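Structure data (mmCIF, C-alpha atoms) from model_31.cif:
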data_model
#
loop_
_atom_site.label_atom_id
_atom_site.label_comp_id
_atom_site.auth_asym_id
_atom_site.auth_seq_id
_atom_site.Cartn_x
_atom_site.Cartn_y
_atom_site.Cartn_z
CA MET A 1 95.11 35.59 91.39
CA ASP A 2 94.16 38.39 93.81
CA ILE A 3 91.18 40.66 93.09
CA PHE A 4 93.38 43.67 92.50
CA ASN A 5 95.30 41.99 89.66
CA LYS A 6 91.98 40.91 88.18
CA GLU A 7 90.84 44.55 88.26
CA ILE A 8 93.98 45.59 86.41
CA ILE A 9 93.60 42.87 83.78
CA SER A 10 89.91 43.72 83.37
CA ALA A 11 90.80 47.39 82.85
CA PHE A 12 93.35 46.41 80.19
CA TYR A 13 90.63 44.41 78.45
CA VAL A 14 88.05 47.23 78.63
CA THR A 15 90.48 49.85 77.37
CA SER A 16 91.30 47.62 74.39
CA LEU A 17 87.68 48.36 73.39
CA SER A 18 87.40 51.97 74.59
CA ARG A 19 90.92 52.95 73.43
CA GLU A 20 91.54 54.81 76.68
CA ASN A 21 94.78 54.56 78.64
CA PRO A 22 94.36 51.69 81.16
CA VAL A 23 96.45 53.50 83.80
CA ASP A 24 94.21 56.59 83.59
CA VAL A 25 91.09 54.42 83.93
CA LEU A 26 92.51 52.52 86.90
CA ARG A 27 93.67 55.66 88.67
CA ARG A 28 90.20 57.18 88.28
CA LYS A 29 88.42 54.04 89.41
CA LEU A 30 90.68 53.02 92.28
CA SER A 31 92.03 56.43 93.36
CA LEU A 32 95.59 55.10 93.45
CA SER A 33 98.94 56.70 92.73
CA SER A 34 100.47 55.84 89.36
CA ASP A 35 103.65 54.62 91.13
CA TYR A 36 101.75 51.90 92.93
CA LEU A 37 99.92 50.91 89.74
CA THR A 38 103.10 50.86 87.66
CA GLU A 39 104.66 48.46 90.14
CA ARG A 40 101.68 46.09 89.94
CA ILE A 41 101.54 46.29 86.14
CA GLU A 42 105.26 45.49 85.89
CA SER A 43 104.75 42.40 87.99
CA LEU A 44 101.91 41.32 85.65
CA VAL A 45 104.27 41.82 82.68
CA GLU A 46 106.90 39.65 84.41
CA ASN A 47 104.29 36.95 84.96
CA SER A 48 103.24 37.08 81.27
CA PHE A 49 99.69 38.38 81.81
CA ILE A 50 100.44 41.68 80.05
CA GLU A 51 102.64 42.11 76.96
CA LYS A 52 105.97 43.94 77.27
CA ASP A 53 104.37 46.97 75.55
CA LYS A 54 102.37 47.42 78.82
CA LYS A 55 99.28 48.00 76.70
CA THR A 56 97.97 44.62 75.57
CA LEU A 57 96.89 41.48 77.40
CA THR A 58 98.69 38.25 76.54
CA GLU A 59 96.64 35.16 75.74
CA LEU A 60 97.25 34.05 79.35
CA GLY A 61 96.03 37.44 80.61
CA ARG A 62 92.91 37.46 78.45
CA GLY A 63 92.25 33.84 79.47
CA SER A 64 92.36 34.77 83.16
CA ILE A 65 89.13 36.81 82.99
CA ARG A 66 85.65 35.91 81.76
CA VAL A 67 83.94 38.48 79.57
CA VAL A 68 80.13 38.51 79.43
CA LEU A 69 78.25 40.26 76.63
CA ALA A 70 74.63 41.40 77.01
CA GLY A 71 72.56 43.69 74.82
CA GLY A 72 69.35 45.62 74.43
CA VAL A 73 67.69 48.95 73.62
CA PHE A 74 67.73 50.51 77.14
CA ASP A 75 65.55 53.53 76.45
CA ILE A 76 65.18 53.94 80.22
CA ILE A 77 66.45 51.84 83.15
CA HIS A 78 63.92 49.99 85.31
CA PRO A 79 64.41 47.38 88.07
CA GLY A 80 64.04 44.51 85.58
CA HIS A 81 67.15 45.74 83.76
CA LEU A 82 69.15 45.76 86.99
CA HIS A 83 68.06 42.21 87.72
CA THR A 84 69.16 41.04 84.25
CA LEU A 85 72.45 42.95 84.18
CA ARG A 86 73.42 41.82 87.69
CA ALA A 87 72.72 38.20 86.71
CA ALA A 88 74.85 38.71 83.58
CA LYS A 89 77.72 40.29 85.53
CA ALA A 90 77.67 37.43 88.04
CA LEU A 91 78.64 35.05 85.20
CA GLY A 92 82.08 36.61 84.75
CA ASN A 93 84.53 39.39 85.61
CA VAL A 94 83.73 41.96 82.93
CA LEU A 95 80.28 42.93 81.64
CA VAL A 96 80.12 44.53 78.20
CA VAL A 97 76.69 45.78 77.09
CA VAL A 98 75.92 46.41 73.44
CA ILE A 99 73.28 49.08 72.81
CA ALA A 100 71.05 48.68 69.76
CA THR A 101 71.59 51.40 67.14
CA ASP A 102 68.65 53.73 66.56
CA LYS A 103 67.68 51.84 63.38
CA THR A 104 67.90 48.44 65.06
CA ALA A 105 65.99 49.75 68.10
CA GLN A 106 63.23 50.96 65.80
CA LYS A 107 63.02 47.51 64.17
CA ILE A 108 62.91 45.74 67.57
CA LYS A 109 60.36 48.06 69.19
CA ASN A 110 58.39 49.11 66.11
CA ARG A 111 58.85 52.78 67.01
CA ILE A 112 61.57 55.42 67.22
CA PRO A 113 63.43 55.14 70.55
CA LEU A 114 62.82 57.96 73.05
CA HIS A 115 66.53 58.62 73.38
CA ASN A 116 69.21 58.38 70.72
CA MET A 117 71.84 55.67 70.94
CA GLU A 118 74.46 57.94 72.50
CA LEU A 119 72.11 58.90 75.37
CA ARG A 120 71.13 55.24 75.78
CA ARG A 121 74.79 54.21 75.85
CA ASP A 122 75.49 56.86 78.48
CA LEU A 123 72.55 55.63 80.58
CA VAL A 124 73.87 52.05 80.64
CA SER A 125 77.47 53.23 81.22
CA SER A 126 76.36 54.91 84.43
CA LEU A 127 75.36 51.59 86.03
CA SER A 128 77.91 50.32 88.50
CA MET A 129 77.77 46.68 87.33
CA VAL A 130 78.49 47.61 83.70
CA ASP A 131 82.17 47.73 82.75
CA TYR A 132 81.70 48.98 79.21
CA ALA A 133 78.71 49.98 77.11
CA MET A 134 79.06 50.37 73.35
CA VAL A 135 76.72 51.07 70.46
CA GLY A 136 76.38 48.01 68.21
CA HIS A 137 77.29 47.74 64.54
CA GLU A 138 74.38 48.63 62.31
CA GLY A 139 72.61 45.47 61.21
CA ASP A 140 75.37 43.00 62.17
CA ILE A 141 75.59 41.74 65.75
CA PHE A 142 78.49 39.46 64.81
CA LYS A 143 80.80 42.38 64.05
CA THR A 144 80.35 43.35 67.70
CA VAL A 145 80.85 39.76 68.88
CA LYS A 146 84.06 39.50 66.85
CA LEU A 147 85.37 42.70 68.43
CA VAL A 148 84.37 41.88 72.03
CA LYS A 149 85.21 38.14 71.81
CA PRO A 150 83.04 37.33 74.84
CA ASP A 151 83.33 34.07 76.75
CA ILE A 152 79.61 34.19 77.47
CA ILE A 153 76.65 35.84 75.74
CA ALA A 154 73.82 36.48 78.20
CA LEU A 155 70.33 36.51 76.69
CA GLY A 156 67.50 38.24 78.53
CA TYR A 157 64.21 36.40 79.11
CA ASP A 158 62.74 38.19 76.08
CA GLN A 159 65.73 37.45 73.81
CA ILE A 160 65.78 33.65 74.14
CA HIS A 161 64.28 33.12 70.68
CA GLN A 162 67.57 34.45 69.26
CA GLU A 163 69.66 31.62 70.73
CA LYS A 164 70.06 29.41 67.63
CA PHE A 165 70.75 32.43 65.41
CA ILE A 166 73.54 33.55 67.77
CA VAL A 167 75.10 30.10 68.23
CA ASP A 168 75.20 29.55 64.45
CA GLY A 169 76.58 33.03 63.77
CA CYS A 170 79.36 32.66 66.37
CA LYS A 171 80.40 29.34 64.83
CA LYS A 172 80.64 31.00 61.41
CA ILE A 173 83.01 33.70 62.67
CA GLY A 174 84.99 31.21 64.78
CA VAL A 175 84.21 32.73 68.20
CA ASP A 176 83.84 30.02 70.85
CA VAL A 177 81.14 31.27 73.18
CA SER A 178 78.69 29.91 75.76
CA ILE A 179 75.11 31.13 75.81
CA ALA A 180 73.45 31.90 79.16
CA ARG A 181 69.68 32.27 79.41
CA LEU A 182 68.77 34.73 82.15
CA GLN A 183 65.58 34.38 84.15
CA SER A 184 62.58 36.66 84.01
CA PRO A 185 63.04 39.75 86.18
CA VAL A 186 61.19 40.74 89.35
CA PRO A 187 58.38 38.17 89.13
CA ASP A 188 55.78 40.15 91.11
CA ILE A 189 55.69 43.05 88.65
CA LYS A 190 53.36 42.37 85.75
CA SER A 191 53.33 44.40 82.56
CA SER A 192 49.54 44.58 82.59
CA LYS A 193 49.60 46.28 86.01
CA ILE A 194 52.25 48.72 84.81
CA GLU A 195 50.20 49.56 81.74
CA SER A 196 47.09 50.39 83.73
CA ASP A 197 49.00 52.40 86.38
CA TYR A 198 51.29 54.21 84.05
CA GLY A 199 50.88 57.94 83.37
CA LYS A 200 51.75 59.85 80.22
CA SER A 201 55.25 61.28 80.27
CA ILE A 202 58.23 59.21 81.37
CA TYR A 203 59.83 62.43 82.61
CA GLY A 204 57.24 62.41 85.34
CA LEU A 205 58.42 59.01 86.58
CA MET B 1 94.80 65.79 100.71
CA ASP B 2 95.27 63.06 98.09
CA ILE B 3 92.27 61.48 96.34
CA PHE B 4 92.79 58.15 98.05
CA ASN B 5 92.47 59.64 101.54
CA LYS B 6 89.36 61.47 100.39
CA GLU B 7 87.90 58.12 99.25
CA ILE B 8 88.60 56.65 102.68
CA ILE B 9 87.05 59.59 104.52
CA SER B 10 84.03 59.51 102.17
CA ALA B 11 83.57 55.79 102.88
CA PHE B 12 83.68 56.47 106.63
CA TYR B 13 80.99 59.10 106.15
CA VAL B 14 78.77 56.83 104.00
CA THR B 15 79.06 53.90 106.38
CA SER B 16 78.01 56.15 109.26
CA LEU B 17 74.66 56.21 107.41
CA SER B 18 74.58 52.65 106.07
CA ARG B 19 76.02 51.09 109.26
CA GLU B 20 78.35 48.90 107.21
CA ASN B 21 82.00 48.35 108.06
CA PRO B 22 84.03 51.03 106.20
CA VAL B 23 86.96 48.65 105.62
CA ASP B 24 84.64 46.09 103.96
CA VAL B 25 83.15 48.78 101.73
CA LEU B 26 86.56 50.13 100.75
CA ARG B 27 87.97 46.69 100.02
CA ARG B 28 85.01 45.92 97.78
CA LYS B 29 85.18 49.25 96.00
CA LEU B 30 88.92 49.57 95.58
CA SER B 31 89.94 45.87 95.47
CA LEU B 32 92.74 46.48 97.97
CA SER B 33 94.25 44.33 100.69
CA SER B 34 93.14 45.13 104.23
CA ASP B 35 96.82 45.56 105.26
CA TYR B 36 97.26 48.44 102.87
CA LEU B 37 93.98 50.01 103.97
CA THR B 38 94.76 49.61 107.67
CA GLU B 39 98.03 51.45 107.16
CA ARG B 40 96.29 54.36 105.44
CA ILE B 41 93.52 54.50 108.04
CA GLU B 42 96.09 54.58 110.86
CA SER B 43 97.79 57.53 109.26
CA LEU B 44 94.42 59.32 109.06
CA VAL B 45 93.89 58.61 112.77
CA GLU B 46 97.34 60.08 113.53
CA ASN B 47 96.44 63.19 111.55
CA SER B 48 93.13 63.56 113.44
CA PHE B 49 90.78 62.95 110.49
CA ILE B 50 89.44 59.72 112.01
CA GLU B 51 88.73 59.12 115.72
CA LYS B 52 90.90 56.66 117.67
CA ASP B 53 88.01 54.14 117.54
CA LYS B 54 88.80 53.83 113.78
CA LYS B 55 85.07 54.04 113.10
CA THR B 56 84.04 57.68 113.28
CA LEU B 57 85.17 60.82 111.48
CA THR B 58 86.47 63.69 113.59
CA GLU B 59 85.10 67.18 112.99
CA LEU B 60 88.23 67.84 110.92
CA GLY B 61 87.60 64.67 108.90
CA ARG B 62 83.93 65.44 108.28
CA GLY B 63 84.89 69.02 107.39
CA SER B 64 87.34 67.80 104.75
CA ILE B 65 84.58 66.45 102.48
CA ARG B 66 81.50 68.11 101.01
CA VAL B 67 78.29 66.10 101.19
CA VAL B 68 75.55 66.83 98.65
CA LEU B 69 71.95 65.72 99.20
CA ALA B 70 69.49 65.28 96.33
CA GLY B 71 66.09 63.63 96.27
CA GLY B 72 63.22 62.40 94.17
CA VAL B 73 60.85 59.54 93.33
CA PHE B 74 63.01 57.72 90.71
CA ASP B 75 60.43 55.25 89.45
CA ILE B 76 62.71 54.62 86.47
CA ILE B 77 66.03 56.18 85.42
CA HIS B 78 66.15 58.32 82.27
CA PRO B 79 68.92 60.55 80.84
CA GLY B 80 67.49 63.62 82.61
CA HIS B 81 68.14 61.95 85.96
CA LEU B 82 71.77 61.29 85.03
CA HIS B 83 72.21 64.91 84.04
CA THR B 84 70.80 66.11 87.38
CA LEU B 85 72.65 63.61 89.56
CA ARG B 86 75.98 64.25 87.81
CA ALA B 87 75.52 67.99 88.31
CA ALA B 88 74.73 67.33 92.00
CA LYS B 89 77.76 65.07 92.47
CA ALA B 90 80.03 67.67 90.87
CA LEU B 91 79.20 70.04 93.76
CA GLY B 92 80.96 67.88 96.34
CA ASN B 93 82.71 64.62 97.20
CA VAL B 94 79.79 62.48 98.37
CA LEU B 95 76.32 62.31 96.81
CA VAL B 96 73.50 61.04 99.03
CA VAL B 97 70.11 60.59 97.35
CA VAL B 98 66.92 60.42 99.38
CA ILE B 99 64.14 58.38 97.78
CA ALA B 100 60.55 59.45 98.44
CA THR B 101 58.57 56.90 100.47
CA ASP B 102 55.67 55.25 98.66
CA LYS B 103 53.16 57.54 100.41
CA THR B 104 55.16 60.69 99.63
CA ALA B 105 55.68 59.54 96.03
CA GLN B 106 51.93 59.09 95.65
CA LYS B 107 51.35 62.63 96.95
CA ILE B 108 53.96 64.11 94.59
CA LYS B 109 52.87 62.20 91.47
CA ASN B 110 49.17 61.82 92.22
CA ARG B 111 49.38 58.07 91.60
CA ILE B 112 50.90 54.94 93.14
CA PRO B 113 54.55 54.58 92.07
CA LEU B 114 55.31 51.74 89.62
CA HIS B 115 57.98 50.33 91.92
CA ASN B 116 58.04 50.26 95.69
CA MET B 117 60.53 52.38 97.59
CA GLU B 118 62.99 49.52 98.10
CA LEU B 119 63.17 48.81 94.34
CA ARG B 120 63.49 52.54 93.67
CA ARG B 121 66.27 52.83 96.24
CA ASP B 122 68.07 49.89 94.64
CA LEU B 123 67.73 51.50 91.19
CA VAL B 124 69.39 54.72 92.35
CA SER B 125 72.05 52.82 94.34
CA SER B 126 73.18 51.13 91.13
CA LEU B 127 74.24 54.45 89.57
CA SER B 128 77.97 54.99 89.67
CA MET B 129 77.78 58.66 90.69
CA VAL B 130 75.58 57.91 93.72
CA ASP B 131 77.45 57.16 96.94
CA TYR B 132 74.42 56.30 99.05
CA ALA B 133 70.70 56.09 98.40
CA MET B 134 68.26 55.94 101.30
CA VAL B 135 64.50 55.95 101.69
CA GLY B 136 63.30 59.18 103.31
CA HIS B 137 61.44 59.58 106.59
CA GLU B 138 57.70 59.46 106.09
CA GLY B 139 56.35 62.97 105.90
CA ASP B 140 59.39 64.77 107.34
CA ILE B 141 62.28 65.68 105.02
CA PHE B 142 64.07 67.41 107.90
CA LYS B 143 64.59 64.16 109.82
CA THR B 144 66.61 63.01 106.80
CA VAL B 145 68.47 66.33 106.59
CA LYS B 146 69.34 66.12 110.29
CA LEU B 147 70.73 62.60 109.80
CA VAL B 148 72.69 63.31 106.61
CA LYS B 149 73.85 66.82 107.65
CA PRO B 150 74.61 67.79 104.04
CA ASP B 151 76.78 70.75 103.13
CA ILE B 152 74.67 71.32 100.03
CA ILE B 153 71.10 70.42 99.09
CA ALA B 154 70.72 70.15 95.31
CA LEU B 155 67.25 70.92 93.97
CA GLY B 156 66.22 69.65 90.54
CA TYR B 157 64.74 72.03 87.99
CA ASP B 158 61.25 70.82 89.00
CA GLN B 159 61.88 71.16 92.76
CA ILE B 160 62.90 74.82 92.86
CA HIS B 161 59.55 75.92 94.34
CA GLN B 162 60.59 74.09 97.54
CA GLU B 163 63.61 76.32 98.16
CA LYS B 164 62.17 78.66 100.82
CA PHE B 165 60.51 75.75 102.67
CA ILE B 166 63.86 73.92 102.82
CA VAL B 167 65.94 76.94 103.84
CA ASP B 168 63.49 77.77 106.67
CA GLY B 169 63.31 74.14 107.83
CA CYS B 170 67.10 73.76 107.93
CA LYS B 171 67.40 76.94 110.01
CA LYS B 172 64.88 75.54 112.50
CA ILE B 173 66.87 72.32 113.03
CA GLY B 174 70.19 74.19 113.08
CA VAL B 175 71.73 72.59 109.98
CA ASP B 176 73.83 75.09 108.04
CA VAL B 177 73.34 74.22 104.40
CA SER B 178 73.69 75.82 100.96
CA ILE B 179 71.00 75.32 98.34
CA ALA B 180 72.02 74.62 94.74
CA ARG B 181 69.53 74.98 91.92
CA LEU B 182 70.31 72.55 89.12
CA GLN B 183 69.58 73.37 85.51
CA SER B 184 66.95 71.74 83.33
CA PRO B 185 68.20 68.45 81.84
CA VAL B 186 68.92 67.61 78.21
CA PRO B 187 67.33 70.70 76.65
CA ASP B 188 66.54 69.14 73.25
CA ILE B 189 64.18 66.51 74.70
CA LYS B 190 60.69 67.88 75.22
CA SER B 191 58.07 66.16 77.33
CA SER B 192 55.43 66.74 74.66
CA LYS B 193 57.51 64.79 72.12
CA ILE B 194 58.02 61.96 74.62
CA GLU B 195 54.31 61.82 75.32
CA SER B 196 53.38 61.47 71.67
CA ASP B 197 56.13 58.91 70.93
CA TYR B 198 55.74 56.88 74.03
CA GLY B 199 54.26 53.37 73.94
CA LYS B 200 52.28 51.61 76.64
CA SER B 201 54.43 49.49 78.92
CA ILE B 202 57.67 50.79 80.38
CA TYR B 203 58.98 47.22 80.33
CA GLY B 204 59.08 47.52 76.57
CA LEU B 205 61.46 50.49 76.78
#
Starting from the coordinates I provided, produce the structure as structure tokens.
Amino acid sequence: MDIFNKEIISAFYVTSLSRENPVDVLRRKLSLSSDYLTERIESLVENSFIEKDKKTLTELGRGSIRVVLAGGVFDIIHPGHLHTLRAAKALGNVLVVVIATDKTAQKIKNRIPLHNMELRRDLVSSLSMVDYAMVGHEGDIFKTVKLVKPDIIALGYDQIHQEKFIVDGCKKIGVDVSIARLQSPVPDIKSSKIESDYGKSIYGL
Amino acid sequence: MDIFNKEIISAFYVTSLSRENPVDVLRRKLSLSSDYLTERIESLVENSFIEKDKKTLTELGRGSIRVVLAGGVFDIIHPGHLHTLRAAKALGNVLVVVIATDKTAQKIKNRIPLHNMELRRDLVSSLSMVDYAMVGHEGDIFKTVKLVKPDIIALGYDQIHQEKFIVDGCKKIGVDVSIARLQSPVPDIKSSKIESDYGKSIYGL
């Protein structure tokens, strides 16, 4: 399948989560006329990748792309995040990132996040390798997994302890998923150095 | 001019800075076949927007897009940066961001930056509203201005004191540029609150 058809199918997948119109999203992203897009979409309907409603992917269509799910708090973006998210994106065609709710973030970090979940979602959405960023379901990661139905869940180097919990939970809800363990980011930057160098306000960074 | 032609002309402008092949960049960005692109580029040559070498914009072509230049240290990315960069991008078609060199960053912030200029450039490059991020010329902002030839220089809310210096410098090098003063970001987030909430290592954010 050519890259352009994969882009169209990926957009149909993403808009099934975002509830936007896939044609609007594709026109914005690829700067193309709707005539040209309509033609390509019709050919994907003929080849059974998209349902006749021109809104939903068929099983064949959904099976033709690999969806990767990653997650985190993302109070700011630093080079380690880029490293992790690029590695996650490289595992498939579509990268969905789930943002911890404010309550979950507080539990993970033991403090109130600097930015609320909507600002954190917006921050991650602005990264070019991220196809869709969504706020998670309060207290239940598997509701998000059931909605996204990822082919792969990518765990960051500091999330690896969650592997068994995630594998078991996915089995329970009947989602067949592979787990990828991503490597530690940017090896020459050490937290201890950051801590000693770091000033007071992040808005000065 | 339709949006697609504007994308092509913008890519020709950006690759004049990055020295990449514009067709490669466009194919990657828009997932299109090179046949389709070649056809569109030839029509832009016929209409005198692109030179006959198919590599350079004509004066008409360059005049058909507005280039905005913004700058900063960008040691991390936080929601305030998004606010500023989106406002800058909204002023034109192409947003170029100049990243302070490590020496300049140290002068501005009175400390060594957390991440070197190449990591900071990469961070800003990964933002979807940024068309091109480049490291500045050591100690001379006007070398960068002369290279980029922006139509607009966008100053952040904390860079406004530099306005007269920039206007005078641009006059000296004969670059005709407008200055835009961007508003303060996300008004409900106060630095004092951040400082009191903020933990130790940015890698925990």
Given the file shown, enumerate the residues that the PyMOL selection byres ((chain A and resi 72) around 7) captures and present them as JSON, numbers by chain. {"A": [71, 73, 74, 98, 99, 100]}
Just want the 10 Å neighbourhood of range 29-44 of chain B, counted on all atoms listed in the file, with same-chain residues fewer than 5 positions away dropped. Output as a ChimeraX atom specification. /A:2-8,26,29-32 /B:4-5,7-9,11,23-24,49-52,54-55,57,61
Atom pair CA of Val67 in chain B / CA of Ala105 in chain B: separation (Å): 24.1 Å
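Nearest residue to chain B, choosing from A:Leu119, A:Ala180, A:Leu85, A:Leu155 and counting only C-alpha atoms: A:Leu119.
Between chain B and the candidates A:Ser128, A:Thr58, A:Gln159, A:Thr144, the tightest atom-to-atom separation, counting all atoms listed in the file, involves A:Ser128.
Of the residues listed (B:Asp75, B:Asp151, B:Asp131, B:Glu118), B:Asp75 shows the shortest atom-to-atom separation from chain A; distances use only C-alpha atoms.
You can rank A:Asp176, A:Ile160, A:Gln183, A:Tyr13 by their closest distance to His81 in chain A using all atoms listed in the file, and at the top of that list sits A:Gln183.
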Using only C-alpha atoms, find all polymer residues with an atom at most 10 Å away from the point (85.4, 40.6, 72.2); report them as a VMD selection string. chain A and resid 13 to 14 16 to 17 67 to 69 96 143 to 151 175
Which of B:Leu95, B:Lys89, B:Pro79, B:Ile179 sits closest to chain A [using only C-alpha atoms]: B:Pro79
Which one of B:Asp122, B:Glu20, B:Asp102, B:Glu46 sits closest to chain A if you count all atoms listed in the file? B:Asp122
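Between CA of Gly136 in chain B and CA of Met117 in chain B lies a distance of 9.3 Å.
Straight-line separation from CA of Arg27 in chain B to CA of Ala154 in chain A: 27.9 Å.
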With 8 Å of padding per side, what axis-aligned box (centre and edge lengths, Å, one decimal) covers all the listed atoms of range 98-105 of chain A? Give it as AutoDock Vina command-line options.
--center_x 71.0 --center_y 50.1 --center_z 68.4 --size_x 25.9 --size_y 23.3 --size_z 26.1
